[in-house]
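Containing mmCIF, C-alpha atoms and all ligand atoms: query.cif.
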```
data_upload
loop_
_atom_site.label_atom_id
_atom_site.label_comp_id
_atom_site.auth_asym_id
_atom_site.auth_seq_id
_atom_site.Cartn_x
_atom_site.Cartn_y
_atom_site.Cartn_z
CA MET X 1 95.49 -161.87 148.50
CA SER X 2 94.84 -162.31 144.77
CA GLY X 3 94.82 -159.34 142.42
CA HIS X 4 91.82 -157.64 140.93
CA THR X 5 90.94 -159.91 138.07
CA LEU X 6 87.93 -162.10 138.61
CA PRO X 7 88.96 -165.70 139.14
CA CYS X 8 88.69 -168.03 136.19
CA CYS X 9 87.97 -171.74 136.02
CA LYS X 10 90.93 -174.08 136.43
CA ILE X 11 90.71 -177.86 136.59
CA GLY X 12 93.52 -179.61 138.48
CA PRO X 13 93.48 -183.38 138.47
CA SER X 14 94.96 -185.15 141.49
CA ILE X 15 97.08 -188.10 140.41
CA LEU X 16 97.02 -189.66 143.90
CA CYS X 17 95.06 -192.72 142.76
CA ALA X 18 96.71 -193.01 139.34
CA ASP X 19 99.54 -195.48 138.58
CA LEU X 20 102.36 -193.72 140.41
CA SER X 21 104.97 -196.03 138.87
CA CYS X 22 104.31 -194.11 135.63
CA LEU X 23 103.92 -190.68 137.20
CA ALA X 24 105.09 -188.62 134.22
CA ASP X 25 102.88 -190.55 131.79
CA GLU X 26 99.87 -190.18 134.08
CA CYS X 27 100.53 -186.44 134.38
CA ARG X 28 100.92 -186.09 130.59
CA LYS X 29 97.66 -187.92 130.11
CA MET X 30 95.93 -185.37 132.34
CA ILE X 31 97.48 -182.46 130.46
CA HIS X 32 96.44 -183.90 127.10
CA SER X 33 92.96 -184.41 128.51
CA GLY X 34 92.63 -180.67 129.16
CA ALA X 35 93.93 -180.16 132.72
CA ASP X 36 94.90 -176.58 133.58
CA TYR X 37 97.25 -177.62 136.37
CA LEU X 38 98.34 -180.62 138.40
CA HIS X 39 97.44 -181.04 142.05
CA LEU X 40 100.21 -183.06 143.70
CA ASP X 41 99.39 -184.58 147.10
CA VAL X 42 102.31 -184.71 149.53
CA MET X 43 101.62 -186.75 152.68
CA ASP X 44 104.03 -187.38 155.53
CA GLY X 45 102.35 -190.10 157.61
CA HIS X 46 101.97 -187.65 160.53
CA PHE X 47 99.60 -184.89 159.52
CA VAL X 48 97.61 -187.54 157.68
CA PRO X 49 97.68 -191.33 158.08
CA ASN X 50 99.18 -191.93 154.64
CA LEU X 51 102.47 -191.49 152.77
CA THR X 52 103.11 -190.35 149.23
CA PHE X 53 106.10 -188.48 147.83
CA GLY X 54 108.18 -185.37 148.36
CA HIS X 55 110.30 -182.81 146.54
CA PRO X 56 112.78 -185.29 144.95
CA ILE X 57 109.95 -186.71 142.84
CA VAL X 58 108.68 -183.23 141.95
CA LYS X 59 112.19 -182.25 140.88
CA CYS X 60 112.35 -185.23 138.51
CA LEU X 61 108.91 -184.49 137.11
CA ARG X 62 109.50 -180.79 136.42
CA PRO X 63 111.87 -181.10 133.40
CA LYS X 64 109.43 -183.50 131.74
CA MET X 65 106.71 -180.84 131.72
CA PRO X 66 108.38 -177.44 132.07
CA ASP X 67 105.28 -175.29 131.60
CA ILE X 68 102.74 -177.03 133.79
CA TYR X 69 101.56 -175.38 137.00
CA PHE X 70 102.30 -177.62 139.98
CA ASP X 71 100.06 -177.11 143.02
CA MET X 72 101.69 -178.83 145.97
CA HIS X 73 99.09 -179.93 148.51
CA MET X 74 101.30 -180.22 151.58
CA MET X 75 99.57 -182.55 154.02
CA VAL X 76 102.54 -182.45 156.38
CA GLN X 77 103.54 -181.36 159.85
CA ASN X 78 106.00 -178.46 159.92
CA PRO X 79 105.10 -177.17 156.46
CA GLU X 80 107.72 -174.42 156.84
CA LYS X 81 110.39 -177.10 156.52
CA TRP X 82 109.88 -177.87 152.83
CA VAL X 83 109.36 -174.43 151.27
CA GLU X 84 112.87 -173.98 149.80
CA SER X 85 113.08 -177.58 148.57
CA MET X 86 109.73 -177.36 146.83
CA ALA X 87 110.59 -174.01 145.25
CA ASP X 88 113.88 -175.47 144.07
CA ALA X 89 112.07 -178.53 142.69
CA GLY X 90 109.90 -176.24 140.54
CA ALA X 91 106.63 -175.99 142.45
CA ASN X 92 104.33 -173.08 141.55
CA GLN X 93 101.91 -173.14 144.47
CA TYR X 94 102.59 -174.22 148.03
CA THR X 95 99.35 -175.12 149.76
CA PHE X 96 99.89 -175.76 153.46
CA HIS X 97 97.35 -176.64 156.14
CA VAL X 98 96.57 -174.05 158.81
CA GLU X 99 96.14 -176.88 161.32
CA ALA X 100 99.84 -177.77 160.92
CA CYS X 101 101.21 -174.25 161.06
CA GLU X 102 102.38 -172.28 164.08
CA ASP X 103 103.18 -168.95 162.48
CA ILE X 104 100.87 -168.36 159.52
CA PRO X 105 102.16 -164.88 158.51
CA ALA X 106 105.79 -166.02 158.60
CA LEU X 107 105.06 -169.07 156.47
CA CYS X 108 103.02 -167.09 153.93
CA ARG X 109 105.88 -164.62 153.57
CA LYS X 110 108.43 -167.38 153.20
CA ILE X 111 106.43 -169.03 150.41
CA GLN X 112 105.93 -165.75 148.61
CA GLU X 113 109.59 -164.79 148.89
CA SER X 114 110.59 -168.10 147.37
CA GLY X 115 108.51 -167.28 144.30
CA MET X 116 105.50 -169.56 144.78
CA ARG X 117 101.83 -168.70 145.14
CA VAL X 118 100.52 -169.09 148.66
CA GLY X 119 97.75 -171.62 149.27
CA VAL X 120 96.09 -172.16 152.65
CA GLY X 121 94.22 -175.42 153.25
CA LEU X 122 91.41 -176.04 155.74
CA LYS X 123 90.36 -179.48 156.95
CA PRO X 124 86.59 -180.05 157.21
CA GLY X 125 86.53 -179.32 160.97
CA THR X 126 88.43 -176.02 160.68
CA PRO X 127 86.26 -172.89 160.59
CA VAL X 128 86.91 -170.41 157.83
CA GLU X 129 87.29 -167.62 160.42
CA THR X 130 90.70 -169.11 161.34
CA ILE X 131 92.29 -167.59 158.26
CA LEU X 132 90.46 -164.27 158.02
CA PRO X 133 93.10 -162.25 159.93
CA TYR X 134 95.66 -163.25 157.27
CA SER X 135 93.57 -162.68 154.17
CA ASP X 136 96.11 -160.26 152.68
CA LEU X 137 98.80 -162.89 152.75
CA PHE X 138 97.49 -165.75 150.62
CA ASP X 139 96.47 -166.26 146.98
CA VAL X 140 94.38 -169.41 147.22
CA VAL X 141 92.19 -170.98 149.89
CA LEU X 142 91.75 -174.74 149.65
CA ILE X 143 88.53 -176.00 151.19
CA MET X 144 88.80 -179.73 151.86
CA THR X 145 85.60 -181.60 151.11
CA VAL X 146 86.90 -184.84 152.66
CA GLU X 147 89.24 -185.57 155.56
CA PRO X 148 92.67 -185.35 153.92
CA GLY X 149 94.64 -188.56 153.51
CA PHE X 150 92.99 -190.70 150.87
CA GLY X 151 91.44 -190.46 147.44
CA GLY X 152 88.05 -191.89 146.59
CA GLN X 153 86.12 -190.63 149.65
CA SER X 154 82.64 -189.12 149.64
CA PHE X 155 82.18 -185.40 149.01
CA MET X 156 81.01 -183.36 152.03
CA GLU X 157 78.42 -180.96 150.71
CA ASP X 158 78.17 -179.05 154.00
CA MET X 159 81.61 -177.55 153.26
CA MET X 160 79.96 -175.41 150.58
CA SER X 161 78.97 -172.84 153.23
CA LYS X 162 82.69 -172.06 153.62
CA VAL X 163 83.07 -171.62 149.87
CA GLN X 164 80.00 -169.37 149.71
CA TYR X 165 81.25 -167.25 152.60
CA LEU X 166 84.65 -166.77 150.98
CA ARG X 167 83.23 -166.02 147.53
CA THR X 168 80.83 -163.42 148.94
CA ASN X 169 83.50 -161.66 150.94
CA PHE X 170 86.47 -162.12 148.61
CA PRO X 171 85.27 -161.91 145.00
CA TYR X 172 88.83 -161.98 143.60
CA LEU X 173 90.14 -164.90 145.64
CA ASP X 174 91.06 -168.22 144.05
CA ILE X 175 88.94 -170.79 145.91
CA GLU X 176 89.98 -174.40 145.47
CA VAL X 177 88.02 -177.49 146.51
CA ASP X 178 89.45 -180.97 146.98
CA GLY X 179 87.93 -184.32 147.88
CA GLY X 180 85.24 -186.40 146.22
CA VAL X 181 84.57 -183.76 143.56
CA GLY X 182 83.24 -185.03 140.23
CA PRO X 183 80.36 -184.84 137.75
CA ASN X 184 77.80 -185.73 140.44
CA ASN X 185 78.45 -182.68 142.59
CA ILE X 186 80.24 -180.13 140.39
CA ASP X 187 77.12 -177.99 140.04
CA VAL X 188 76.85 -177.29 143.79
CA VAL X 189 80.60 -176.66 143.96
CA ALA X 190 80.43 -174.25 141.02
CA GLU X 191 77.38 -172.42 142.30
CA ALA X 192 78.97 -171.99 145.73
CA GLY X 193 81.77 -170.09 143.98
CA ALA X 194 84.78 -172.40 143.75
CA ASN X 195 86.95 -171.81 140.67
CA MET X 196 89.91 -174.17 141.17
CA ILE X 197 88.61 -177.70 141.00
CA VAL X 198 90.68 -180.64 142.20
CA SER X 199 89.35 -184.00 141.19
CA GLY X 200 91.09 -187.34 141.61
CA THR X 201 89.35 -190.64 141.08
CA ALA X 202 86.47 -189.09 139.09
CA ILE X 203 89.05 -188.12 136.44
CA THR X 204 91.84 -190.71 136.73
CA GLY X 205 89.37 -193.57 137.04
CA ALA X 206 87.30 -192.51 134.02
CA SER X 207 87.56 -194.28 130.69
CA ASP X 208 87.66 -190.84 129.04
CA PRO X 209 89.26 -188.28 131.40
CA SER X 210 88.89 -185.51 128.82
CA GLN X 211 85.13 -185.87 128.89
CA VAL X 212 85.06 -185.51 132.69
CA ILE X 213 87.38 -182.48 132.62
CA ALA X 214 85.20 -180.83 129.95
CA LEU X 215 82.08 -181.47 132.00
CA LEU X 216 83.63 -180.00 135.17
CA ARG X 217 84.86 -176.97 133.23
CA ASN X 218 81.50 -176.39 131.61
CA SER X 219 79.72 -176.32 134.95
CA VAL X 220 82.21 -173.92 136.55
CA GLU X 221 82.34 -171.59 133.54
CA ASN X 222 78.56 -171.41 133.43
CA ALA X 223 78.39 -170.54 137.12
CA ILE X 224 81.06 -167.84 136.75
CA GLN X 225 79.25 -166.36 133.78
CA LYS X 226 75.96 -166.40 135.67
CA SER X 227 77.48 -164.68 138.70
CA GLN X 228 79.03 -161.98 136.50
CA LEU X 229 75.66 -161.24 134.89
CA GLU X 230 74.20 -160.82 138.36
CA ARG X 231 76.86 -158.34 139.49
C1 LIG J 301 92.94 -186.30 149.66
C2 LIG J 301 93.69 -185.54 148.61
C3 LIG J 301 92.91 -185.33 147.36
C4 LIG J 301 92.45 -186.58 146.71
C5 LIG J 301 91.39 -186.28 145.70
O1 LIG J 301 93.56 -186.15 150.88
O2 LIG J 301 94.07 -184.28 149.09
O3 LIG J 301 93.63 -184.49 146.46
O4 LIG J 301 93.46 -187.29 146.08
O5 LIG J 301 90.91 -187.47 145.20
P1 LIG J 301 89.35 -187.72 145.08
O6 LIG J 301 88.83 -186.73 144.08
O7 LIG J 301 89.24 -189.11 144.62
O8 LIG J 301 88.74 -187.49 146.43
ZN ZN J 302 94.77 -182.86 147.61
#
```
Rewrite the coordinates I just gave you, this time as structure tokens.
Ligand code: DX5
Ligand code: ZN
Amino acid sequence: MSGHTLPCCKIGPSILCADLSCLADECRKMIHSGADYLHLDVMDGHFVPNLTFGHPIVKCLRPKMPDIYFDMHMMVQNPEKWVESMADAGANQYTFHVEACEDIPALCRKIQESGMRVGVGLKPGTPVETILPYSDLFDVVLIMTVEPGFGGQSFMEDMMSKVQYLRTNFPYLDIEVDGGVGPNNIDVVAEAGANMIVSGTAITGASDPSQVIALLRNSVENAIQKSQLER
């Protein structure tokens, strides 16, 4: 699990609903708008009913932005299969879904040994208890706030109980949320304790993405500051 520094706010736009024919330009636009990292959604048509892209695209993107943190959201069956290829392509974080994984400890170790941070994703129907036995093995927990597969869905506020539980029990953990997150619900997300904020259409569909990113950041930073004063 994460070290002993309190988690800080990071905003990671998802470019799923951007113009993927200009992927590098869309990613650069996010970086220039203030993104801390990029959340890249890999879908295989099996784990989720949609298809996107894989490591060959990531490998082409990497040299165009050498210093940007790539969080690979692996919505795939057999997530163990793509660890080496993603590491080789330049991924920084490999976020797999527990629902797709047979041997969680082995996969966590494999990801770590290949030099990436370990992210564990939970679909809305998966209880947070599923991952507790392995809490020493991952760096980030991704709480899905929509059913994975598509951008532009409605945020599920009832997932905030998972975020609250994790933040209370693991103060140093990076907690990431993904799905329908934007200016309308960032305050509940921030107050629940999430610090890595994925947001797709709310950012890529905005006329001024930098304004949305600043607003999300402001809310999360305020909540972190408030919680530190209360400690
Ligand atoms: C959905 C993806 C998300 C999605 C986020 O399965 O994992 O990353 O693209 O997009 P919005 O914010 O529009 O839900
Ligand atoms: Zn995602």
Note to self: Just the number, please: distance in Å from CA of Arg109 in chain X to CA of Pro79 in chain X, one decimal.
What the structure shows: 12.9 Å
Notebook entry, point to check: When distances are computed from all atoms listed in the file, which of X:Gln112, X:Asn185, X:Gln211, X:Asn195 shows the smallest separation from Ile224 in chain X?
Noted result: X:Asn195
Notebook entry, point to check: Mind listing the residues within 12 Å of ligand ZN 302 (chain J), only C-alpha atoms and all ligand atoms counted, as JSON, numbers by chain?
Noted result: {"X": [12, 13, 14, 15, 16, 17, 38, 39, 40, 41, 42, 43, 48, 52, 70, 71, 72, 73, 74, 75, 76, 94, 95, 96, 97, 119, 120, 121, 122, 123, 142, 143, 144, 145, 146, 147, 148, 149, 150, 151, 152, 153, 176, 177, 178, 179, 180, 181, 196, 197, 198, 199, 200, 201]}
Note to self: One number please: CA of Cys108 in chain X to CA of Gly90 in chain X, in Å, one decimal.
What the structure shows: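 So the two atoms, CA of Cys108 in chain X and CA of Gly90 in chain X, lie 17.6 Å apart.
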Item checked: Coordinates-based distance that separates CA of Asp136 in chain X from atom O3 of ligand LIG 301 (chain J) (Å, one decimal) ->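 Taking atom O3 of ligand LIG 301 (chain J) as the start and CA of Asp136 in chain X as the end point, the length is 25.1 Å.
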Next item on the list: Counting only C-alpha atoms, figure out which residue out of X:Leu6, X:Met65, X:Asn50, X:Val118 gets nearest to Ile104 in chain X.
Entry: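 Checking each of X:Leu6, X:Met65, X:Asn50, X:Val118 against Ile104 in chain X, counting only C-alpha atoms, the winner is X:Val118.
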Next item on the list: Using all atoms listed in the file, find the one residue out of X:Phe155, X:Tyr134, X:Tyr165, X:Tyr172 that sits nearest to ligand LIG 301 (chain J).
Entry: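 Nearest candidate to ligand LIG 301 (chain J) out of X:Phe155, X:Tyr134, X:Tyr165, X:Tyr172: X:Phe155.
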Item checked: Given only C-alpha atoms and all ligand atoms as the counted atoms, nearest of X:Glu102, X:Glu84, X:Asp44, X:Asp36 to ligand LIG 301 (chain J) -> X:Asp44
Check: For ligand LIG 301 (chain J), which residue out of X:Ala223, X:Ile186, X:Cys101, X:Leu166 is the nearest one, using only C-alpha atoms and all ligand atoms?
Finding: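 Ranking X:Ala223, X:Ile186, X:Cys101, X:Leu166 by distance to ligand LIG 301 (chain J), first place goes to X:Ile186.
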Next item on the list: Using all atoms listed in the file, pick whichever of X:Ala24, X:Val188, X:Val140, X:Val128 has the shortest atom-to-atom distance to Lys162 in chain X.
Entry: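 Of X:Ala24, X:Val188, X:Val140, X:Val128, the one nearest Lys162 in chain X, counting all atoms listed in the file, is X:Val128.
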Next item on the list: Identify, on the basis of all atoms listed in the file, every residue whose closest approach to Gln77 in chain X does not exceed 7 Å; exclude the query and any residue fewer than 6 positions from it along the same chain; express the result as a PyMOL selection string.
Entry: chain X and resi 46-47+100
For range 4-20 of chain X in the structure I just supplied, write out all heavy atoms - as a compact mmCIF listing (two decimals), in the first residue's frame.
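decode_11.txt, freshly written:
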```txt
# COMPACT_ATOMS: atom_id res chain seq x y z
N HIS X 4 3.79 6.85 3.48
CA HIS X 4 3.22 7.55 4.63
C HIS X 4 3.15 9.04 4.42
O HIS X 4 3.35 9.82 5.33
CB HIS X 4 3.98 7.17 5.90
CG HIS X 4 3.68 5.75 6.27
ND1 HIS X 4 2.48 5.37 6.83
CD2 HIS X 4 4.39 4.63 6.10
CE1 HIS X 4 2.48 4.05 7.01
NE2 HIS X 4 3.62 3.58 6.57
N THR X 5 2.92 9.44 3.18
CA THR X 5 2.62 10.85 2.95
C THR X 5 1.13 10.92 2.65
O THR X 5 0.59 10.06 1.96
CB THR X 5 3.41 11.41 1.75
OG1 THR X 5 3.33 10.45 0.70
CG2 THR X 5 4.86 11.65 2.11
N LEU X 6 0.50 11.94 3.19
CA LEU X 6 -0.94 12.06 2.97
C LEU X 6 -1.20 12.29 1.49
O LEU X 6 -0.45 13.00 0.83
CB LEU X 6 -1.50 13.20 3.82
CG LEU X 6 -1.61 12.86 5.31
CD1 LEU X 6 -1.82 14.11 6.13
CD2 LEU X 6 -2.72 11.85 5.56
N PRO X 7 -2.22 11.67 0.97
CA PRO X 7 -2.47 11.77 -0.47
C PRO X 7 -2.81 13.19 -0.89
O PRO X 7 -3.47 13.92 -0.17
CB PRO X 7 -3.67 10.85 -0.69
CG PRO X 7 -4.17 10.47 0.63
CD PRO X 7 -3.17 10.82 1.67
N CYS X 8 -2.32 13.57 -2.07
CA CYS X 8 -2.65 14.91 -2.55
C CYS X 8 -3.59 14.82 -3.75
O CYS X 8 -3.79 13.76 -4.33
CB CYS X 8 -1.39 15.70 -2.87
SG CYS X 8 -0.44 14.99 -4.18
N CYS X 9 -4.14 15.96 -4.09
CA CYS X 9 -5.15 16.02 -5.16
C CYS X 9 -4.50 15.85 -6.53
O CYS X 9 -3.53 16.54 -6.85
CB CYS X 9 -5.84 17.37 -5.08
SG CYS X 9 -6.83 17.75 -6.54
N LYS X 10 -5.05 14.95 -7.33
CA LYS X 10 -4.59 14.80 -8.71
C LYS X 10 -5.81 14.68 -9.61
O LYS X 10 -6.71 13.87 -9.33
CB LYS X 10 -3.73 13.54 -8.85
CG LYS X 10 -2.39 13.62 -8.13
CD LYS X 10 -1.70 12.28 -8.04
CE LYS X 10 -0.79 12.19 -6.85
NZ LYS X 10 -0.79 10.87 -6.22
N ILE X 11 -5.80 15.45 -10.68
CA ILE X 11 -6.93 15.40 -11.62
C ILE X 11 -6.47 14.70 -12.90
O ILE X 11 -5.49 15.13 -13.53
CB ILE X 11 -7.43 16.84 -11.97
CG1 ILE X 11 -7.66 17.68 -10.71
CG2 ILE X 11 -8.68 16.76 -12.84
CD1 ILE X 11 -8.77 17.23 -9.80
N GLY X 12 -7.18 13.63 -13.26
CA GLY X 12 -6.80 12.83 -14.42
C GLY X 12 -7.93 12.75 -15.43
O GLY X 12 -8.82 11.91 -15.30
N PRO X 13 -7.89 13.59 -16.44
CA PRO X 13 -8.94 13.51 -17.46
C PRO X 13 -8.93 12.17 -18.20
O PRO X 13 -7.86 11.59 -18.42
CB PRO X 13 -8.58 14.65 -18.42
CG PRO X 13 -7.73 15.57 -17.64
CD PRO X 13 -6.97 14.70 -16.68
N SER X 14 -10.12 11.69 -18.52
CA SER X 14 -10.26 10.51 -19.38
C SER X 14 -10.57 11.02 -20.78
O SER X 14 -11.51 11.80 -20.97
CB SER X 14 -11.42 9.65 -18.88
OG SER X 14 -11.95 8.88 -19.96
N ILE X 15 -9.77 10.57 -21.74
CA ILE X 15 -9.96 11.07 -23.12
C ILE X 15 -10.88 10.15 -23.94
O ILE X 15 -10.97 10.28 -25.15
CB ILE X 15 -8.60 11.29 -23.83
CG1 ILE X 15 -7.62 10.13 -23.59
CG2 ILE X 15 -7.94 12.58 -23.36
CD1 ILE X 15 -7.94 8.88 -24.27
N LEU X 16 -11.58 9.26 -23.23
CA LEU X 16 -12.44 8.28 -23.92
C LEU X 16 -13.41 8.94 -24.92
O LEU X 16 -13.62 8.42 -26.02
CB LEU X 16 -13.23 7.48 -22.87
CG LEU X 16 -14.15 6.39 -23.36
CD1 LEU X 16 -13.38 5.30 -24.07
CD2 LEU X 16 -14.92 5.78 -22.19
N CYS X 17 -14.01 10.04 -24.54
CA CYS X 17 -15.00 10.67 -25.41
C CYS X 17 -14.43 11.86 -26.19
O CYS X 17 -15.17 12.65 -26.77
CB CYS X 17 -16.22 11.11 -24.59
SG CYS X 17 -17.15 9.71 -23.98
N ALA X 18 -13.11 11.99 -26.19
CA ALA X 18 -12.49 13.04 -27.00
C ALA X 18 -12.35 12.53 -28.44
O ALA X 18 -12.76 11.41 -28.74
CB ALA X 18 -11.13 13.38 -26.42
N ASP X 19 -11.77 13.34 -29.32
CA ASP X 19 -11.56 12.93 -30.71
C ASP X 19 -10.32 12.04 -30.77
O ASP X 19 -9.19 12.52 -30.81
CB ASP X 19 -11.38 14.18 -31.59
CG ASP X 19 -11.18 13.81 -33.06
OD1 ASP X 19 -11.06 12.59 -33.36
OD2 ASP X 19 -11.14 14.73 -33.89
N LEU X 20 -10.55 10.72 -30.79
CA LEU X 20 -9.44 9.78 -30.70
C LEU X 20 -8.59 9.74 -31.97
O LEU X 20 -7.50 9.17 -31.97
CB LEU X 20 -9.96 8.38 -30.34
CG LEU X 20 -10.59 8.27 -28.94
CD1 LEU X 20 -11.12 6.86 -28.70
CD2 LEU X 20 -9.61 8.64 -27.84
```
